[in-house]
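**Student:** Below you'll find coords.cif; it's mmCIF, C-alpha atoms and all ligand atoms.
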data_query
loop_
_atom_site.label_atom_id
_atom_site.label_comp_id
_atom_site.auth_asym_id
_atom_site.auth_seq_id
_atom_site.Cartn_x
_atom_site.Cartn_y
_atom_site.Cartn_z
CA MET A 1 338.28 3.25 95.97
CA LYS A 2 338.73 6.66 94.42
CA ILE A 3 339.94 9.68 96.28
CA ASP A 4 339.25 13.24 95.18
CA VAL A 5 341.22 15.94 96.98
CA LEU A 6 338.75 18.81 97.21
CA GLY A 7 341.14 20.89 99.23
CA CYS A 8 344.42 20.57 101.05
CA GLY A 9 345.02 24.10 102.34
CA SER A 10 345.54 25.47 105.80
CA ALA A 11 342.78 27.44 107.52
CA PHE A 12 343.42 30.78 105.84
CA SER A 13 345.14 29.71 102.63
CA ARG A 14 344.99 32.18 99.73
CA GLU A 15 345.93 29.49 97.26
CA GLN A 16 344.08 26.33 98.22
CA ASN A 17 340.70 25.19 99.41
CA THR A 18 340.32 24.23 103.02
CA SER A 19 341.25 20.61 103.59
CA ALA A 20 338.71 17.96 102.62
CA LEU A 21 338.52 14.67 100.73
CA ARG A 22 335.81 12.89 98.81
CA VAL A 23 336.04 9.09 98.88
CA MET A 24 334.09 6.95 96.42
CA ASP A 25 333.67 3.21 95.99
CA GLU A 26 332.89 1.10 92.93
CA ALA A 27 329.15 1.51 93.52
CA ASN A 28 329.65 5.30 93.63
CA ARG A 29 328.88 5.51 97.32
CA GLN A 30 330.49 8.72 98.49
CA TRP A 31 331.85 10.12 101.73
CA LEU A 32 332.92 13.68 102.26
CA ILE A 33 335.56 14.04 104.95
CA ASP A 34 335.40 17.53 106.48
CA CYS A 35 333.67 20.52 104.96
CA GLY A 36 335.38 23.86 105.47
CA PRO A 37 334.18 27.16 104.01
CA THR A 38 335.50 26.71 100.47
CA ILE A 39 334.44 23.08 100.03
CA PRO A 40 330.84 23.60 98.83
CA ARG A 41 332.12 25.56 95.82
CA ALA A 42 334.74 22.88 95.09
CA LEU A 43 331.90 20.33 94.99
CA TRP A 44 329.74 22.54 92.78
CA GLN A 45 332.62 22.94 90.36
CA ARG A 46 332.67 19.16 89.94
CA GLY A 47 329.01 18.97 88.99
CA GLY A 48 327.51 15.71 90.13
CA GLU A 49 324.08 14.93 91.48
CA VAL A 50 322.36 16.30 94.54
CA ASN A 51 322.07 12.84 96.11
CA ASP A 52 325.65 11.74 95.39
CA ILE A 53 327.14 12.14 98.83
CA ASP A 54 325.92 9.58 101.35
CA VAL A 55 327.99 10.44 104.39
CA LEU A 56 329.82 13.37 105.95
CA TYR A 57 332.59 12.60 108.42
CA PHE A 58 334.01 15.37 110.58
CA THR A 59 337.49 14.90 112.01
CA HIS A 60 336.83 17.83 114.37
CA VAL A 61 334.91 21.09 114.38
CA HIS A 62 337.50 23.80 113.94
CA PRO A 63 335.92 26.33 111.55
CA ASP A 64 338.15 25.45 108.60
CA HIS A 65 336.85 21.88 108.79
CA CYS A 66 333.12 22.38 109.29
CA THR A 67 331.68 25.79 108.43
CA GLY A 68 330.88 24.78 104.85
CA LEU A 69 328.16 22.53 106.24
CA THR A 70 325.56 25.31 106.28
CA ALA A 71 325.99 26.21 102.61
CA LEU A 72 326.12 22.59 101.51
CA LEU A 73 322.91 21.65 103.31
CA ASN A 74 321.25 24.82 102.03
CA TYR A 75 322.25 23.87 98.48
CA TRP A 76 320.95 20.32 98.80
CA HIS A 77 317.68 21.59 100.27
CA SER A 78 317.31 24.10 97.43
CA LEU A 79 317.79 21.32 94.90
CA SER A 80 315.29 19.04 96.66
CA ARG A 81 317.67 16.36 97.82
CA GLN A 82 315.73 13.25 98.83
CA LYS A 83 318.35 10.84 100.15
CA ALA A 84 318.90 10.81 103.90
CA LEU A 85 322.33 12.09 104.88
CA VAL A 86 324.48 10.40 107.50
CA ILE A 87 326.76 12.66 109.53
CA TYR A 88 329.41 11.15 111.78
CA SER A 89 330.98 13.33 114.43
CA GLN A 90 332.33 13.12 117.93
CA PRO A 91 329.22 13.35 120.11
CA GLN A 92 330.57 16.17 122.27
CA GLN A 93 331.25 18.25 119.13
CA ARG A 94 327.80 17.69 117.60
CA PRO A 95 326.17 20.86 119.04
CA VAL A 96 328.44 22.92 116.77
CA LEU A 97 327.27 20.98 113.73
CA THR A 98 323.59 21.03 114.62
CA GLN A 99 323.80 24.84 114.88
CA LEU A 100 325.41 25.04 111.46
CA ALA A 101 322.69 22.74 110.13
CA ALA A 102 319.95 24.78 111.77
CA LEU A 103 321.07 27.83 109.82
CA ALA A 104 320.81 26.02 106.48
CA ASN A 105 317.07 26.67 106.12
CA TRP A 106 316.43 29.16 108.91
CA PRO A 107 313.87 30.20 110.14
CA GLN A 108 312.38 26.89 109.04
CA THR A 109 313.71 24.14 111.24
CA THR A 110 313.67 21.23 108.83
CA LEU A 111 315.24 20.29 105.53
CA CYS A 112 313.61 18.29 102.75
CA PHE A 113 315.82 15.30 103.61
CA ASP A 114 316.64 13.59 106.87
CA ILE A 115 319.96 13.83 108.68
CA ASP A 116 321.02 10.72 110.55
CA TRP A 117 323.45 11.94 113.22
CA ARG A 118 325.83 9.20 114.33
CA ASP A 119 328.64 9.01 116.86
CA THR A 120 332.20 8.47 115.77
CA THR A 121 333.57 5.46 117.62
CA ASP A 122 336.85 3.53 117.46
CA ALA A 123 335.60 1.21 114.71
CA TRP A 124 332.48 0.43 112.71
CA THR A 125 331.35 -0.92 109.35
CA TRP A 126 329.35 0.96 106.73
CA HIS A 127 328.29 -1.24 103.78
CA ASP A 128 331.60 -2.99 103.02
CA TRP A 129 333.69 -0.08 104.27
CA HIS A 130 335.61 -0.78 107.46
CA ILE A 131 336.22 2.37 109.42
CA GLN A 132 338.61 2.99 112.28
CA THR A 133 339.35 6.27 113.99
CA ALA A 134 341.85 7.45 116.58
CA GLU A 135 342.81 10.71 118.25
CA THR A 136 345.70 12.81 117.11
CA ARG A 137 347.12 15.52 119.38
CA HIS A 138 345.37 18.77 118.53
CA GLU A 139 343.96 21.82 120.34
CA LEU A 140 340.51 20.35 119.85
CA THR A 141 339.94 16.60 119.88
CA ASN A 142 340.53 15.40 116.33
CA ARG A 143 339.95 11.86 115.14
CA ALA A 144 342.03 10.55 112.24
CA ILE A 145 340.25 8.04 110.02
CA ARG A 146 341.24 4.82 108.28
CA ILE A 147 338.94 3.46 105.57
CA THR A 148 339.41 -0.06 104.22
CA GLN A 149 337.48 -1.55 101.32
CA GLY A 150 338.65 -5.00 100.31
CA GLU A 151 342.43 -4.81 100.12
CA GLN A 152 342.53 -1.04 99.84
CA THR A 153 343.21 1.21 102.78
CA LEU A 154 343.20 4.98 103.00
CA PHE A 155 344.36 7.01 106.00
CA TYR A 156 343.50 10.66 106.64
CA SER A 157 344.82 12.39 109.72
CA GLY A 158 342.62 15.42 110.02
CA ASP A 159 344.58 17.96 112.05
CA GLY A 160 347.17 17.23 114.63
CA CYS A 161 350.41 15.64 115.60
CA PRO A 162 350.51 11.86 115.08
CA THR A 163 349.95 9.71 118.16
CA ALA A 164 350.54 6.01 118.76
CA GLY A 165 346.85 5.50 118.00
CA SER A 166 346.83 7.40 114.73
CA ILE A 167 350.14 5.86 113.62
CA ALA A 168 348.63 2.41 114.12
CA LEU A 169 345.84 3.38 111.71
CA MET A 170 348.34 4.71 109.20
CA GLU A 171 350.23 1.44 109.09
CA GLY A 172 349.43 -0.64 106.03
CA ALA A 173 347.63 2.17 104.20
CA ALA A 174 348.18 2.26 100.44
CA LEU A 175 347.68 6.00 100.62
CA ALA A 176 348.04 8.18 103.70
CA PHE A 177 347.41 11.88 104.15
CA GLN A 178 349.06 13.57 107.11
CA GLU A 179 348.66 17.15 108.22
CA CYS A 180 352.03 18.90 108.05
CA ALA A 181 352.10 22.46 109.31
CA SER A 182 355.84 22.97 109.48
CA LEU A 183 358.94 22.30 107.40
CA THR A 184 361.05 22.02 110.53
CA ALA A 185 360.54 19.99 113.69
CA LEU A 186 357.97 21.37 116.12
CA SER A 187 358.23 21.02 119.88
CA ASP A 188 357.41 17.70 121.50
CA ASP A 189 354.05 18.95 122.72
CA ALA A 190 353.01 20.55 119.41
CA SER A 191 349.48 20.07 118.14
CA HIS A 192 350.42 19.81 114.47
CA GLY A 193 352.46 17.56 112.25
CA ASP A 194 355.87 18.53 110.89
CA PHE A 195 357.98 17.35 107.96
CA PRO A 196 360.73 15.51 109.88
CA ALA A 197 358.13 13.47 111.77
CA CYS A 198 356.15 12.78 108.57
CA LEU A 199 359.28 11.58 106.81
CA ALA A 200 360.20 9.36 109.75
CA LEU A 201 356.75 7.76 109.62
CA PHE A 202 356.98 7.28 105.87
CA GLN A 203 360.21 5.35 106.34
CA GLN A 204 359.25 3.50 109.51
CA LEU A 205 355.89 2.31 108.13
CA LYS A 206 357.20 1.80 104.56
CA LEU A 207 354.22 3.72 103.23
CA PRO A 208 353.76 3.48 99.45
CA ALA A 209 352.34 7.00 99.27
CA LEU A 210 352.21 9.80 101.83
CA GLY A 211 350.52 13.08 100.96
CA LEU A 212 351.29 16.08 103.14
CA TYR A 213 348.55 18.64 103.46
CA HIS A 214 347.14 21.53 105.49
CA CYS A 215 350.53 23.18 105.04
CA ASN A 216 350.88 26.93 105.39
CA ASP A 217 351.19 28.67 102.02
CA ALA A 218 354.57 30.09 103.03
CA ILE A 219 356.23 26.67 103.27
CA LEU A 220 354.72 25.02 100.18
CA HIS A 221 357.62 25.77 97.87
CA ASP A 222 360.32 24.56 100.24
CA LEU A 223 358.24 21.58 101.33
CA ARG A 224 357.88 20.39 97.73
CA ALA A 225 361.65 20.62 97.38
CA ALA A 226 362.15 18.71 100.64
CA CYS A 227 359.92 15.89 99.33
CA GLN A 228 361.81 15.58 96.05
CA PRO A 229 364.38 12.96 97.15
CA TRP A 230 361.69 10.70 98.60
CA GLU A 231 359.65 8.80 96.06
CA GLY A 232 356.16 8.40 97.48
CA VAL A 233 356.19 11.52 99.66
CA PHE A 234 354.41 14.42 98.05
CA VAL A 235 352.73 17.69 98.84
CA SER A 236 349.04 17.16 98.16
CA TYR A 237 347.17 19.62 95.97
CA ASP A 238 343.60 20.60 95.18
CA GLY A 239 342.18 18.51 92.37
CA LEU A 240 344.44 15.49 92.88
CA GLN A 241 342.53 12.34 91.93
CA TYR A 242 343.81 9.05 93.25
CA ALA A 243 342.65 5.54 92.40
CA LEU A 244 343.45 2.72 94.79
CA SER A 245 342.81 -0.23 92.52
CA ASN A 246 345.88 -2.23 93.39
CA LEU A 247 349.00 -1.64 95.42
CA PRO A 248 350.53 0.82 95.25
CA GLY A 249 347.88 3.35 94.24
CA THR A 250 348.20 5.31 91.08
CA ALA A 251 347.86 9.05 90.94
CA GLU A 252 345.91 10.49 88.08
CA GLU A 253 347.04 14.01 87.41
CA GLY A 254 344.73 16.80 88.40
CA PRO A 255 345.34 20.51 88.13
CA ALA A 256 348.53 21.37 89.99
ZN ZN A 301 342.09 22.02 113.63
#
Render the structure in this file as structure tokens.
Ligand SMILES: [Zn+2]

**Tutor:**
Amino acid sequence: MKIDVLGCGSAFSREQNTSALRVMDEANRQWLIDCGPTIPRALWQRGGEVNDIDVLYFTHVHPDHCTGLTALLNYWHSLSRQKALVIYSQPQQRPVLTQLAALANWPQTTLCFDIDWRDTTDAWTWHDWHIQTAETRHELTNRAIRITQGEQTLFYSGDGCPTAGSIALMEGAALAFQECASLTALSDDASHGDFPACLALFQQLKLPALGLYHCNDAILHDLRAACQPWEGVFVSYDGLQYALSNLPGTAEEGPA
């Protein structure tokens, strides 16, 4: 499994793309997890083919995680994509996404490829990918995702404070990404992750690699310094490429 960090920024970051990941398997099947406003350009910068991405998964529909959908669908339509696209979302959040999709070729109501809208559930299988999702605590219901292919497991929190359910999905992951909005501890009812809690999870779960992301620009410098003593804990960055071929995963340097 290969992981391509398209973006790891907070909603209004001046330095980073909005947070999203591309996940690829050996057969070059590809998932895009979240698609905020700056993600289409990040994909275009990578080149690739119009039919490359098989599946979009939305953790939740806050604008910084979904409003790139319109431009991406418009681009694929313009380039005559043929492959049907699968989009997983929480069913109650789908009306937001169908409106974004409707704008992609407005006033026409169809695209030149089909969209297969599917409900996010607790667990399902796609090809040989085993998917599990669980709620974090966030202003809007957010579902963290765990993807396992063979012996390789990736965890991605989406937004929100870890919960017992999301922590269970993080356990055993070779690579985990956790939203971390604050360098210092947030209140017990906060709807975001913070560094002390992330570090505690890293130690408790003995995670080989924990990437912190969706951090406000203002804390990036100090957060990198706070991670320094902990081998395996790092501040994620746009362009990071990660290959999970054996345990632990190996980072291939991307642009810092
Ligand atoms: Zn959010």

**Student:** CA of Val61 (chain A) and CA of Leu6 (chain A), how far apart in Å?

**Tutor:**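 Spanning CA of Leu6 (chain A) to CA of Val61 (chain A) is a straight-line distance of 17.7 Å.
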
**Student:** Which value, in Å to one decimal, gives the distance between CA of Ile219 (chain A) and CA of Ser182 (chain A)?

**Tutor:** 7.2 Å

**Student:** Could you give me the residues within 8 Å of ligand ZN 301 (chain A), counting only C-alpha atoms and all ligand atoms, as a ChimeraX atom specification?

**Tutor:** /A:60-65,138-140,142,158-160

**Student:** Between A:Pro107, A:Pro95, A:Pro229, A:Pro162, which is the closest to Leu201 (chain A) once you count only C-alpha atoms?

**Tutor:**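 Result for the nearest residue to Leu201 (chain A): A:Pro162.
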
**Student:** May I ask for the distance between CA of Ala200 (chain A) and CA of Gly239 (chain A), given in Å to one decimal place?

**Tutor:**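 So the answer is 26.7 Å.
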
**Student:** Of the residues A:Phe202, A:Phe195, A:Trp31, A:Trp124, which is the one nearest to Asp4 (chain A), using only C-alpha atoms?

**Tutor:** A:Trp31

**Student:** Ser89 (chain A): which residues within 9 Å, counting all atoms listed in the file, same-chain residues fewer than 5 positions away excluded, as a list in words?

**Tutor:**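 Those residues are Leu56, Tyr57, Phe58, Thr59, His60, Val61, Arg94, Leu97, Trp117, Arg118, Asp119, Thr120 and Thr121 of chain A.
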